Amino acid sequence: MEAGTTAGAWVLVLSLWGTVVGGQNLTAQIGKPLVLNCKGAPRKPPQQLEWKLNTGRTEAWKVLSPQGDPWDSVARVLPNGSLLLPAIGIQDEGTFRCRARSRKGKEIKSNYQVRVYQIPGKPEIVDPASELKAGVPNKVGTCVSEGGYPAGTLSWHLDGKPLIPDGKGVSVKEETRRHPETGLFTLQSELMVTPAREGAPHPTFSCSFIPGLPRRRALHRALHTAPIRLSVRGEHRDPVPLEEIQLVVEPEGAAVAPGGTVTLTCKASTQPPPQIHWIKDGTPLPLPPSPVLLLPEVGPQDQGTYSCVATHPSHGPQESRAVSISIIGSVGGPGLGTLALALGILGGLGAAALLIGVIVWQRWRRQGKERKAPENREEEEDERAELNQSEEPEAAQSSAGGP
């Protein structure tokens, strides 16, 4: 590579990873020691070898040899010709070359492309939502990963499956920051979703961090957050006005002859359609939800006041106006019918009592007449006797005054 390459220019090195011809790609963890072997070099002095380094610490190729001084605490040549980096850092990424001559005079070159990495802590979801609203954009939360190198990537999952941003129902806002001293990365990913109105009621979200390098299986495993399970409620709307719930009754007027049929229909203008329950005289009827209530062969027990209640998850219960069902020819509602029945019974009892009284009175009168009959006969006989006595003197006088 050309001289003058700085630490920030190693993004180019990332794109060239694995292209060193005849060389070797190495990956080392930040802060750990790294030993590079100079192939073909004699194990013991005298040695003819030379190391050249082009890293983030150099502005040009840095040359090290067994006869030279070590490069501060960054690197030094070991007695066997290997190069030691005691604690490799981000600035040590770059190209390392060794040229050695064997005892037989053969020149051998070694090339190394060195990368470093740091596994971050386990990511987490901060500021998670408590619930989601269907049909509108919602912030699920922010996934945060700190202390990694290279930067890596964050990805979201819904119910265990990758969640791909589409700019419509799913969008992600990402931010990457780098620590000015350590050079380690902090990643943030804010997830926004618009749940479908008829989607899953309890979706589960999670986030994972995928390292940028290396691609060795042991170091490329993703780190996952703890999942969060949210509830989705219906889109917010104002409660449905009572006027929009209509109760239609047939026949019109809700008056029907005994044995007839009455049909009650409850109409609500909400979508999806709400559940409809029925109420009679203030008491819920034990019937399954239905927008239609059919009353066949109507009798006195069906008379009363009816209303319907529309229940929707996003609107709450709304009750319709009440209608009264009456039977033609009846006194009125159930209360009046009961009163009429009671009066009829009392009237019948009164008539029976009156009849019994008349019969008793007639018997008493007849018995009274029978007791008075002998006394009347005695008075008549006395009257006849007195009349006969008055007639006898008159007859004697008339016989005495004759010729």
# chains A, B, ... in the order shown; residues from 1 in each chain; ligands from 1

call {"tool": "residues_around", "arguments": {"residues": "stretch 90-99 of chain A", "least_positions_apart": "3", "cutoff": "8 Å", "atoms": "only C-alpha atoms", "output": "short mmCIF file (atom, residue, chain, number, x, y, z; two decimals) with all heavy atoms, in the first residue's frame"}}
result
data_model
loop_
_atom_site.label_atom_id
_atom_site.label_comp_id
_atom_site.auth_asym_id
_atom_site.auth_seq_id
_atom_site.Cartn_x
_atom_site.Cartn_y
_atom_site.Cartn_z
N MET A 1 0.83 -1.19 0.00
CA MET A 1 0.00 0.00 0.00
C MET A 1 0.87 1.24 0.00
O MET A 1 2.02 1.22 0.37
CB MET A 1 -0.91 0.01 1.25
CG MET A 1 -1.89 -1.16 1.28
SD MET A 1 -2.92 -1.09 2.75
CE MET A 1 -3.82 0.39 2.40
N ALA A 7 -5.19 5.83 10.06
CA ALA A 7 -6.14 4.84 10.62
C ALA A 7 -7.49 4.91 9.94
O ALA A 7 -8.14 3.89 9.71
CB ALA A 7 -6.30 5.08 12.12
N TRP A 10 -8.13 2.91 6.69
CA TRP A 10 -8.17 1.44 6.66
C TRP A 10 -9.53 0.88 6.27
O TRP A 10 -9.69 -0.32 6.18
CB TRP A 10 -7.76 0.90 8.02
CG TRP A 10 -6.27 0.99 8.19
CD1 TRP A 10 -5.59 1.83 9.01
CD2 TRP A 10 -5.29 0.24 7.49
NE1 TRP A 10 -4.24 1.67 8.86
CE2 TRP A 10 -4.03 0.69 7.93
CE3 TRP A 10 -5.34 -0.74 6.50
CZ2 TRP A 10 -2.84 0.17 7.44
CZ3 TRP A 10 -4.15 -1.27 6.03
CH2 TRP A 10 -2.92 -0.80 6.50
N VAL A 13 -8.74 -0.89 3.36
CA VAL A 13 -8.17 -2.20 3.62
C VAL A 13 -9.26 -3.24 3.80
O VAL A 13 -9.14 -4.38 3.38
CB VAL A 13 -7.25 -2.14 4.86
CG1 VAL A 13 -6.70 -3.51 5.22
CG2 VAL A 13 -6.10 -1.16 4.62
N ILE A 30 -8.13 -7.27 20.17
CA ILE A 30 -7.49 -6.07 20.68
C ILE A 30 -6.98 -6.31 22.11
O ILE A 30 -7.68 -6.88 22.95
CB ILE A 30 -8.48 -4.89 20.65
CG1 ILE A 30 -8.82 -4.53 19.20
CG2 ILE A 30 -7.94 -3.67 21.38
CD1 ILE A 30 -9.87 -3.45 19.05
N CYS A 38 8.70 -15.16 10.55
CA CYS A 38 9.42 -14.82 9.32
C CYS A 38 9.90 -16.12 8.67
O CYS A 38 10.86 -16.75 9.14
CB CYS A 38 10.60 -13.91 9.63
SG CYS A 38 11.46 -13.31 8.14
N LYS A 39 9.24 -16.50 7.62
CA LYS A 39 9.52 -17.78 7.00
C LYS A 39 10.91 -17.78 6.33
O LYS A 39 11.30 -16.80 5.69
CB LYS A 39 8.45 -18.09 5.96
CG LYS A 39 7.05 -18.24 6.55
CD LYS A 39 6.03 -18.49 5.47
CE LYS A 39 4.61 -18.59 6.06
NZ LYS A 39 3.60 -18.82 5.01
N LEU A 49 17.61 -10.76 7.79
CA LEU A 49 16.15 -10.59 7.61
C LEU A 49 15.79 -9.14 7.90
O LEU A 49 16.52 -8.41 8.56
CB LEU A 49 15.35 -11.54 8.52
CG LEU A 49 15.53 -11.42 10.04
CD1 LEU A 49 14.55 -10.42 10.62
CD2 LEU A 49 15.34 -12.79 10.67
N GLU A 50 14.62 -8.80 7.41
CA GLU A 50 14.14 -7.42 7.56
C GLU A 50 12.61 -7.42 7.57
O GLU A 50 11.96 -8.06 6.74
CB GLU A 50 14.65 -6.58 6.40
CG GLU A 50 14.22 -5.12 6.46
CD GLU A 50 14.70 -4.36 5.24
OE1 GLU A 50 14.17 -4.63 4.13
OE2 GLU A 50 15.62 -3.53 5.38
N TRP A 51 12.06 -6.72 8.55
CA TRP A 51 10.60 -6.56 8.64
C TRP A 51 10.22 -5.15 8.19
O TRP A 51 10.88 -4.18 8.52
CB TRP A 51 10.12 -6.74 10.08
CG TRP A 51 9.99 -8.18 10.52
CD1 TRP A 51 10.90 -8.90 11.20
CD2 TRP A 51 8.86 -9.02 10.29
NE1 TRP A 51 10.44 -10.18 11.43
CE2 TRP A 51 9.17 -10.27 10.88
CE3 TRP A 51 7.63 -8.88 9.65
CZ2 TRP A 51 8.30 -11.36 10.84
CZ3 TRP A 51 6.76 -9.96 9.62
CH2 TRP A 51 7.08 -11.19 10.20
N LYS A 52 9.13 -5.08 7.40
CA LYS A 52 8.55 -3.81 6.99
C LYS A 52 7.09 -3.77 7.42
O LYS A 52 6.34 -4.71 7.18
CB LYS A 52 8.65 -3.63 5.47
CG LYS A 52 10.05 -3.33 4.98
CD LYS A 52 10.02 -3.01 3.49
CE LYS A 52 11.40 -2.61 3.00
NZ LYS A 52 11.39 -2.24 1.56
N LEU A 53 6.72 -2.68 8.05
CA LEU A 53 5.36 -2.52 8.57
C LEU A 53 4.71 -1.29 7.95
O LEU A 53 5.33 -0.22 7.88
CB LEU A 53 5.36 -2.36 10.10
CG LEU A 53 5.73 -3.55 10.98
CD1 LEU A 53 7.19 -3.95 10.83
CD2 LEU A 53 5.42 -3.23 12.44
N ASN A 54 3.50 -1.46 7.52
CA ASN A 54 2.70 -0.32 7.04
C ASN A 54 1.34 -0.39 7.77
O ASN A 54 0.44 -1.12 7.37
CB ASN A 54 2.51 -0.38 5.54
CG ASN A 54 1.93 0.93 4.99
OD1 ASN A 54 1.54 1.81 5.75
ND2 ASN A 54 1.90 1.05 3.67
N THR A 55 1.24 0.36 8.85
CA THR A 55 0.05 0.31 9.70
C THR A 55 -0.48 1.71 9.95
O THR A 55 0.01 2.70 9.40
CB THR A 55 0.39 -0.36 11.04
OG1 THR A 55 1.27 0.50 11.78
CG2 THR A 55 1.08 -1.70 10.84
N GLY A 56 -1.47 1.77 10.83
CA GLY A 56 -2.03 3.06 11.19
C GLY A 56 -1.10 3.91 12.01
O GLY A 56 -1.36 5.11 12.19
N ARG A 57 -0.05 3.33 12.49
CA ARG A 57 0.91 4.09 13.28
C ARG A 57 2.01 4.71 12.41
O ARG A 57 2.82 5.50 12.89
CB ARG A 57 1.57 3.18 14.32
CG ARG A 57 0.60 2.57 15.32
CD ARG A 57 1.36 1.68 16.31
NE ARG A 57 0.48 0.93 17.19
CZ ARG A 57 0.01 1.36 18.36
NH1 ARG A 57 0.35 2.58 18.79
NH2 ARG A 57 -0.79 0.62 19.10
N GLU A 107 16.38 -16.39 -0.88
CA GLU A 107 15.56 -15.31 -0.31
C GLU A 107 14.09 -15.75 -0.25
O GLU A 107 13.53 -16.21 -1.25
CB GLU A 107 15.70 -14.04 -1.14
CG GLU A 107 14.99 -12.84 -0.52
CD GLU A 107 15.18 -11.58 -1.33
OE1 GLU A 107 16.19 -10.88 -1.13
OE2 GLU A 107 14.30 -11.30 -2.20
N ILE A 108 13.48 -15.58 0.93
CA ILE A 108 12.08 -15.97 1.14
C ILE A 108 11.32 -14.77 1.71
O ILE A 108 11.81 -14.09 2.63
CB ILE A 108 11.98 -17.17 2.10
CG1 ILE A 108 12.76 -18.36 1.55
CG2 ILE A 108 10.52 -17.54 2.34
CD1 ILE A 108 12.82 -19.54 2.48
N LYS A 109 10.13 -14.52 1.18
CA LYS A 109 9.30 -13.39 1.62
C LYS A 109 8.03 -13.90 2.32
O LYS A 109 7.43 -14.89 1.89
CB LYS A 109 8.90 -12.50 0.44
CG LYS A 109 10.08 -11.82 -0.22
CD LYS A 109 9.61 -10.95 -1.38
CE LYS A 109 10.79 -10.25 -2.05
NZ LYS A 109 10.36 -9.39 -3.17
N SER A 110 7.64 -13.21 3.36
CA SER A 110 6.39 -13.51 4.09
C SER A 110 5.53 -12.25 4.13
O SER A 110 6.03 -11.16 4.44
CB SER A 110 6.69 -13.98 5.51
OG SER A 110 7.55 -15.11 5.52
N ASN A 111 4.27 -12.42 3.80
CA ASN A 111 3.33 -11.29 3.80
C ASN A 111 2.15 -11.60 4.73
O ASN A 111 1.56 -12.68 4.67
CB ASN A 111 2.79 -11.03 2.39
CG ASN A 111 3.87 -10.57 1.44
OD1 ASN A 111 4.79 -9.85 1.84
ND2 ASN A 111 3.78 -10.98 0.19
N TYR A 112 1.80 -10.62 5.55
CA TYR A 112 0.66 -10.77 6.47
C TYR A 112 -0.24 -9.54 6.37
O TYR A 112 0.24 -8.40 6.33
CB TYR A 112 1.12 -10.92 7.92
CG TYR A 112 1.96 -12.15 8.18
CD1 TYR A 112 3.35 -12.07 8.14
CD2 TYR A 112 1.37 -13.38 8.46
CE1 TYR A 112 4.12 -13.19 8.39
CE2 TYR A 112 2.15 -14.50 8.70
CZ TYR A 112 3.51 -14.40 8.67
OH TYR A 112 4.28 -15.51 8.91
N GLN A 113 -1.53 -9.81 6.31
CA GLN A 113 -2.53 -8.75 6.40
C GLN A 113 -3.23 -8.94 7.75
O GLN A 113 -3.93 -9.93 7.98
CB GLN A 113 -3.55 -8.84 5.26
CG GLN A 113 -4.44 -7.63 5.13
CD GLN A 113 -3.70 -6.43 4.58
OE1 GLN A 113 -2.71 -6.57 3.86
NE2 GLN A 113 -4.17 -5.24 4.90
N VAL A 114 -3.04 -7.99 8.65
CA VAL A 114 -3.51 -8.14 10.03
C VAL A 114 -4.73 -7.26 10.27
O VAL A 114 -4.73 -6.07 9.94
CB VAL A 114 -2.39 -7.79 11.03
CG1 VAL A 114 -2.93 -7.87 12.47
CG2 VAL A 114 -1.21 -8.74 10.85
N ARG A 115 -5.75 -7.88 10.85
CA ARG A 115 -6.96 -7.17 11.28
C ARG A 115 -7.16 -7.42 12.77
O ARG A 115 -6.75 -8.45 13.31
CB ARG A 115 -8.19 -7.66 10.51
CG ARG A 115 -8.13 -7.36 9.02
CD ARG A 115 -8.05 -5.86 8.75
NE ARG A 115 -8.99 -5.10 9.50
CZ ARG A 115 -10.27 -4.91 9.14
NH1 ARG A 115 -10.72 -5.44 8.02
NH2 ARG A 115 -11.07 -4.19 9.88
N VAL A 116 -7.84 -6.51 13.44
CA VAL A 116 -8.13 -6.67 14.86
C VAL A 116 -9.65 -6.61 15.07
O VAL A 116 -10.39 -6.11 14.21
CB VAL A 116 -7.43 -5.61 15.71
CG1 VAL A 116 -5.93 -5.73 15.57
CG2 VAL A 116 -7.91 -4.21 15.34
N GLY A 183 -11.48 4.15 20.10
CA GLY A 183 -11.79 3.79 18.73
C GLY A 183 -12.87 2.74 18.59
O GLY A 183 -13.18 2.31 17.46
#

call {"tool": "residues_around", "arguments": {"residues": "A:Phe205", "least_positions_apart": "5", "cutoff": "10 Å", "atoms": "only C-alpha atoms", "output": "PyMOL selection string"}}
result
chain A and resi 125+140-141+156-163+191+225-230

call {"tool": "write_last_selection", "arguments": {"atoms": "all heavy atoms", "output": "CSV table (one decimal), in the first residue's frame"}}
result
chain,number,residue,atom,x,y,z
A,125,ILE,N,-32.4,-3.6,24.2
A,125,ILE,CA,-33.4,-2.7,23.7
A,125,ILE,C,-33.8,-1.7,24.8
A,125,ILE,O,-34.3,-2.1,25.9
A,125,ILE,CB,-34.6,-3.5,23.3
A,125,ILE,CG1,-34.3,-4.5,22.1
A,125,ILE,CG2,-35.7,-2.5,22.8
A,125,ILE,CD1,-35.4,-5.4,21.7
A,140,VAL,N,-41.0,1.0,18.4
A,140,VAL,CA,-40.9,-0.3,19.2
A,140,VAL,C,-39.8,-0.1,20.3
A,140,VAL,O,-40.0,-0.5,21.5
A,140,VAL,CB,-40.5,-1.5,18.3
A,140,VAL,CG1,-40.3,-2.7,19.1
A,140,VAL,CG2,-41.7,-1.7,17.3
A,141,GLY,N,-38.7,0.5,20.0
A,141,GLY,CA,-37.6,0.7,20.9
A,141,GLY,C,-36.3,1.0,20.2
A,141,GLY,O,-36.3,1.0,18.9
A,156,TRP,N,-33.1,-6.4,13.3
A,156,TRP,CA,-34.3,-6.6,14.1
A,156,TRP,C,-35.0,-7.9,13.6
A,156,TRP,O,-34.9,-8.3,12.4
A,156,TRP,CB,-35.3,-5.5,13.9
A,156,TRP,CG,-34.9,-4.3,14.7
A,156,TRP,CD1,-34.1,-3.2,14.2
A,156,TRP,CD2,-35.2,-4.0,16.1
A,156,TRP,NE1,-33.9,-2.3,15.2
A,156,TRP,CE2,-34.6,-2.7,16.4
A,156,TRP,CE3,-35.9,-4.6,17.1
A,156,TRP,CZ2,-34.7,-2.1,17.6
A,156,TRP,CZ3,-36.0,-4.0,18.3
A,156,TRP,CH2,-35.4,-2.8,18.6
A,157,HIS,N,-35.8,-8.5,14.5
A,157,HIS,CA,-36.5,-9.8,14.3
A,157,HIS,C,-37.9,-9.6,14.8
A,157,HIS,O,-38.1,-9.0,15.9
A,157,HIS,CB,-35.8,-11.0,14.9
A,157,HIS,CG,-34.4,-11.2,14.4
A,157,HIS,ND1,-34.1,-11.9,13.3
A,157,HIS,CD2,-33.2,-10.6,14.9
A,157,HIS,CE1,-32.8,-11.9,13.2
A,157,HIS,NE2,-32.2,-11.1,14.1
A,158,LEU,N,-38.9,-10.2,14.1
A,158,LEU,CA,-40.3,-10.2,14.5
A,158,LEU,C,-40.7,-11.7,14.6
A,158,LEU,O,-40.7,-12.4,13.6
A,158,LEU,CB,-41.1,-9.5,13.5
A,158,LEU,CG,-42.7,-9.6,13.7
A,158,LEU,CD1,-43.1,-9.0,15.1
A,158,LEU,CD2,-43.4,-8.9,12.6
A,159,ASP,N,-41.0,-12.1,15.8
A,159,ASP,CA,-41.4,-13.5,16.0
A,159,ASP,C,-40.4,-14.5,15.5
A,159,ASP,O,-40.7,-15.5,15.0
A,159,ASP,CB,-42.8,-13.8,15.4
A,159,ASP,CG,-43.9,-13.0,16.0
A,159,ASP,OD1,-43.8,-12.6,17.2
A,159,ASP,OD2,-44.9,-12.6,15.3
A,160,GLY,N,-39.1,-14.1,15.7
A,160,GLY,CA,-38.0,-15.0,15.4
A,160,GLY,C,-37.5,-14.9,13.9
A,160,GLY,O,-36.6,-15.5,13.6
A,161,LYS,N,-38.2,-14.1,13.1
A,161,LYS,CA,-37.9,-14.0,11.7
A,161,LYS,C,-37.3,-12.6,11.4
A,161,LYS,O,-37.7,-11.6,12.0
A,161,LYS,CB,-39.1,-14.2,10.8
A,161,LYS,CG,-39.7,-15.6,11.0
A,161,LYS,CD,-40.9,-15.8,10.1
A,161,LYS,CE,-41.5,-17.2,10.3
A,161,LYS,NZ,-42.7,-17.4,9.4
A,162,PRO,N,-36.3,-12.5,10.5
A,162,PRO,CA,-35.7,-11.2,10.2
A,162,PRO,C,-36.8,-10.2,9.7
A,162,PRO,O,-37.7,-10.5,9.0
A,162,PRO,CB,-34.7,-11.5,9.0
A,162,PRO,CG,-34.4,-12.9,9.2
A,162,PRO,CD,-35.7,-13.6,9.7
A,163,LEU,N,-36.7,-9.0,10.2
A,163,LEU,CA,-37.6,-7.9,9.9
A,163,LEU,C,-36.9,-6.9,8.9
A,163,LEU,O,-35.9,-6.3,9.3
A,163,LEU,CB,-38.0,-7.2,11.2
A,163,LEU,CG,-39.2,-6.2,11.1
A,163,LEU,CD1,-40.4,-7.0,10.6
A,163,LEU,CD2,-39.5,-5.6,12.5
A,191,LEU,N,-36.4,1.2,15.8
A,191,LEU,CA,-37.3,0.5,15.0
A,191,LEU,C,-38.7,1.2,15.1
A,191,LEU,O,-39.2,1.4,16.2
A,191,LEU,CB,-37.5,-0.9,15.4
A,191,LEU,CG,-38.5,-1.8,14.7
A,191,LEU,CD1,-38.2,-1.9,13.2
A,191,LEU,CD2,-38.6,-3.2,15.3
A,225,THR,N,-30.5,-9.7,21.8
A,225,THR,CA,-31.1,-9.1,23.0
A,225,THR,C,-32.2,-10.1,23.6
A,225,THR,O,-32.6,-11.0,22.9
A,225,THR,CB,-31.8,-7.8,22.6
A,225,THR,OG1,-32.9,-8.1,21.7
A,225,THR,CG2,-30.8,-6.9,22.0
A,226,ALA,N,-32.6,-9.7,24.8
A,226,ALA,CA,-33.8,-10.4,25.3
A,226,ALA,C,-35.0,-10.0,24.5
A,226,ALA,O,-35.2,-8.8,24.2
A,226,ALA,CB,-34.0,-10.1,26.8
A,227,PRO,N,-35.9,-10.9,24.1
A,227,PRO,CA,-37.1,-10.4,23.3
A,227,PRO,C,-38.1,-9.7,24.2
A,227,PRO,O,-38.2,-9.8,25.4
A,227,PRO,CB,-37.7,-11.8,22.9
A,227,PRO,CG,-37.3,-12.8,23.9
A,227,PRO,CD,-35.9,-12.3,24.4
A,228,ILE,N,-38.9,-8.8,23.5
A,228,ILE,CA,-39.9,-8.0,24.2
A,228,ILE,C,-41.2,-8.4,23.5
A,228,ILE,O,-41.3,-8.5,22.3
A,228,ILE,CB,-39.7,-6.5,24.2
A,228,ILE,CG1,-39.5,-6.0,22.7
A,228,ILE,CG2,-38.5,-6.2,25.0
A,228,ILE,CD1,-39.5,-4.5,22.6
A,229,ARG,N,-42.3,-8.6,24.3
A,229,ARG,CA,-43.6,-9.0,23.7
A,229,ARG,C,-44.6,-7.8,24.0
A,229,ARG,O,-44.8,-7.4,25.1
A,229,ARG,CB,-44.1,-10.3,24.4
A,229,ARG,CG,-45.3,-10.9,23.8
A,229,ARG,CD,-45.6,-12.3,24.3
A,229,ARG,NE,-46.7,-13.0,23.7
A,229,ARG,CZ,-47.9,-13.0,24.1
A,229,ARG,NH1,-48.2,-12.5,25.3
A,229,ARG,NH2,-48.8,-13.7,23.5
A,230,LEU,N,-45.2,-7.3,22.9
A,230,LEU,CA,-46.0,-6.2,23.0
A,230,LEU,C,-47.5,-6.5,22.6
A,230,LEU,O,-47.7,-7.5,21.9
A,230,LEU,CB,-45.5,-5.0,22.1
A,230,LEU,CG,-44.1,-4.6,22.4
A,230,LEU,CD1,-43.7,-3.5,21.4
A,230,LEU,CD2,-43.9,-4.0,23.8

call {"tool": "residues_around", "arguments": {"residues": "A:Val262", "least_positions_apart": "4", "cutoff": "10 Å", "atoms": "only C-alpha atoms", "output": "JSON, numbers by chain"}}
result
{"A": [249, 250, 251, 252, 254, 255, 256, 257, 293, 294, 295, 296, 297, 298, 302, 325]}

call {"tool": "closest_residue", "arguments": {"among": "A:Glu59, A:Ser102, A:Leu223, A:Pro42", "to": "A:Ser82", "atoms": "only C-alpha atoms"}}
result
A:Pro42

call {"tool": "select_by_dssp", "arguments": {"residues": "stretch 150-317 of chain A", "states": "strand (DSSP E or B)", "output": "PyMOL selection string"}}
result
chain A and resi 153-158+161-162+170-178+185-193+204-210+223-224+228-229+232-233+245-250+255-256+262-268+275-280+283-284+292-295+304-311

call {"tool": "write_last_selection", "arguments": {"atoms": "C-alpha atoms", "output": "mmCIF file, in the first residue's frame"}}
result
data_model
loop_
_atom_site.group_PDB
_atom_site.id
_atom_site.type_symbol
_atom_site.label_atom_id
_atom_site.label_comp_id
_atom_site.auth_asym_id
_atom_site.auth_seq_id
_atom_site.Cartn_x
_atom_site.Cartn_y
_atom_site.Cartn_z
ATOM 1 C CA THR A 153 -24.437 -4.331 12.167
ATOM 2 C CA LEU A 154 -27.695 -4.454 14.112
ATOM 3 C CA SER A 155 -30.763 -6.253 12.797
ATOM 4 C CA TRP A 156 -34.333 -6.648 14.055
ATOM 5 C CA HIS A 157 -36.505 -9.756 14.251
ATOM 6 C CA LEU A 158 -40.257 -10.216 14.477
ATOM 7 C CA LYS A 161 -37.858 -13.975 11.680
ATOM 8 C CA PRO A 162 -35.728 -11.177 10.150
ATOM 9 C CA VAL A 170 -41.224 -1.040 8.820
ATOM 10 C CA SER A 171 -38.491 1.589 9.080
ATOM 11 C CA VAL A 172 -35.155 1.725 10.903
ATOM 12 C CA LYS A 173 -33.142 4.765 11.950
ATOM 13 C CA GLU A 174 -29.479 3.875 12.556
ATOM 14 C CA GLU A 175 -26.677 5.802 14.214
ATOM 15 C CA THR A 176 -22.991 4.899 14.603
ATOM 16 C CA ARG A 177 -20.630 6.636 17.019
ATOM 17 C CA ARG A 178 -16.931 6.017 17.623
ATOM 18 C CA PHE A 185 -18.034 1.681 18.145
ATOM 19 C CA THR A 186 -21.475 2.259 19.615
ATOM 20 C CA LEU A 187 -24.405 1.343 17.390
ATOM 21 C CA GLN A 188 -28.027 2.397 17.742
ATOM 22 C CA SER A 189 -31.006 1.206 15.726
ATOM 23 C CA GLU A 190 -34.489 2.673 16.300
ATOM 24 C CA LEU A 191 -37.349 0.528 14.975
ATOM 25 C CA MET A 192 -40.685 1.974 13.784
ATOM 26 C CA VAL A 193 -43.555 -0.317 12.759
ATOM 27 C CA THR A 204 -42.477 -10.417 19.798
ATOM 28 C CA PHE A 205 -39.483 -8.260 18.812
ATOM 29 C CA SER A 206 -35.766 -8.858 19.298
ATOM 30 C CA CYS A 207 -32.487 -7.372 18.060
ATOM 31 C CA SER A 208 -29.122 -8.930 17.253
ATOM 32 C CA PHE A 209 -25.574 -7.696 16.700
ATOM 33 C CA ILE A 210 -23.531 -9.260 13.871
ATOM 34 C CA LEU A 223 -25.377 -11.595 19.900
ATOM 35 C CA HIS A 224 -29.097 -11.354 20.692
ATOM 36 C CA ILE A 228 -39.936 -8.048 24.179
ATOM 37 C CA ARG A 229 -43.598 -8.989 23.735
ATOM 38 C CA VAL A 232 -51.504 -4.299 19.717
ATOM 39 C CA ARG A 233 -54.749 -2.446 20.262
ATOM 40 C CA ILE A 245 -76.515 2.681 16.615
ATOM 41 C CA GLN A 246 -80.002 2.099 15.257
ATOM 42 C CA LEU A 247 -82.598 -0.352 16.509
ATOM 43 C CA VAL A 248 -85.179 -1.249 13.854
ATOM 44 C CA VAL A 249 -88.302 -3.200 14.813
ATOM 45 C CA GLU A 250 -90.771 -5.024 12.550
ATOM 46 C CA ALA A 255 -97.468 -3.868 18.313
ATOM 47 C CA VAL A 256 -98.293 -7.449 17.328
ATOM 48 C CA VAL A 262 -91.396 -9.570 15.941
ATOM 49 C CA THR A 263 -87.929 -8.925 14.408
ATOM 50 C CA LEU A 264 -85.451 -6.571 16.082
ATOM 51 C CA THR A 265 -82.366 -5.493 14.076
ATOM 52 C CA CYS A 266 -79.424 -3.597 15.589
ATOM 53 C CA LYS A 267 -77.324 -1.585 13.097
ATOM 54 C CA ALA A 268 -73.868 -0.094 13.934
ATOM 55 C CA GLN A 275 -70.626 -7.769 18.776
ATOM 56 C CA ILE A 276 -74.311 -7.202 19.481
ATOM 57 C CA HIS A 277 -75.960 -8.242 22.759
ATOM 58 C CA TRP A 278 -79.601 -7.780 23.735
ATOM 59 C CA ILE A 279 -81.250 -6.374 26.849
ATOM 60 C CA LYS A 280 -84.883 -6.798 27.990
ATOM 61 C CA THR A 283 -81.522 -7.382 32.088
ATOM 62 C CA PRO A 284 -79.107 -8.909 29.507
ATOM 63 C CA VAL A 292 -80.896 -9.749 14.847
ATOM 64 C CA LEU A 293 -83.304 -10.809 17.605
ATOM 65 C CA LEU A 294 -86.280 -12.878 16.387
ATOM 66 C CA LEU A 295 -89.355 -13.346 18.596
ATOM 67 C CA GLY A 304 -91.436 -5.481 27.539
ATOM 68 C CA THR A 305 -88.728 -2.951 26.696
ATOM 69 C CA TYR A 306 -85.849 -4.052 24.433
ATOM 70 C CA SER A 307 -82.490 -2.466 23.521
ATOM 71 C CA CYS A 308 -79.192 -3.628 21.979
ATOM 72 C CA VAL A 309 -75.567 -3.044 23.043
ATOM 73 C CA ALA A 310 -72.765 -2.845 20.432
ATOM 74 C CA THR A 311 -69.326 -3.782 21.793
#

call {"tool": "closest_residue", "arguments": {"among": "A:Pro274, A:Gly81, A:Pro66, A:Gly299", "to": "A:Pro258", "atoms": "only C-alpha atoms"}}
result
A:Gly299

call {"tool": "atom_distance", "arguments": {"atom1": "atom CA of A:Lys133", "atom2": "atom CA of A:Thr270"}}
result
17.5 Å

call {"tool": "closest_residue", "arguments": {"among": "A:Val35, A:Asp281, A:Asp127, A:Arg366", "to": "A:Ala322", "atoms": "only C-alpha atoms"}}
result
A:Asp281

call {"tool": "residues_around", "arguments": {"residues": "A:Pro150", "least_positions_apart": "3", "cutoff": "7 Å", "atoms": "only C-alpha atoms", "output": "NGL selection string"}}
result
:A and (117 or 212-213)

call {"tool": "write_last_selection", "arguments": {"atoms": "N, CA and C atoms", "output": "mmCIF file, in the first residue's frame"}}
result
data_model
loop_
_atom_site.group_PDB
_atom_site.id
_atom_site.type_symbol
_atom_site.label_atom_id
_atom_site.label_comp_id
_atom_site.auth_asym_id
_atom_site.auth_seq_id
_atom_site.Cartn_x
_atom_site.Cartn_y
_atom_site.Cartn_z
ATOM 1 N N TYR A 117 -10.083 -7.121 16.213
ATOM 2 C CA TYR A 117 -11.519 -7.101 16.516
ATOM 3 C C TYR A 117 -11.711 -6.992 18.013
ATOM 4 N N GLY A 212 -18.583 -7.360 12.327
ATOM 5 C CA GLY A 212 -18.140 -7.064 10.964
ATOM 6 C C GLY A 212 -17.036 -7.997 10.508
ATOM 7 N N LEU A 213 -16.130 -8.351 11.395
ATOM 8 C CA LEU A 213 -15.014 -9.249 11.135
ATOM 9 C C LEU A 213 -14.685 -9.980 12.427
#

call {"tool": "closest_residue", "arguments": {"among": "A:Gln29, A:Gly234, A:Gly253, A:Arg197", "to": "A:Gly148", "atoms": "only C-alpha atoms"}}
result
A:Gln29

call {"tool": "closest_residue", "arguments": {"among": "A:Gly167, A:Pro120, A:Gly282, A:Gly347", "to": "A:Val144", "atoms": "only C-alpha atoms"}}
result
A:Pro120
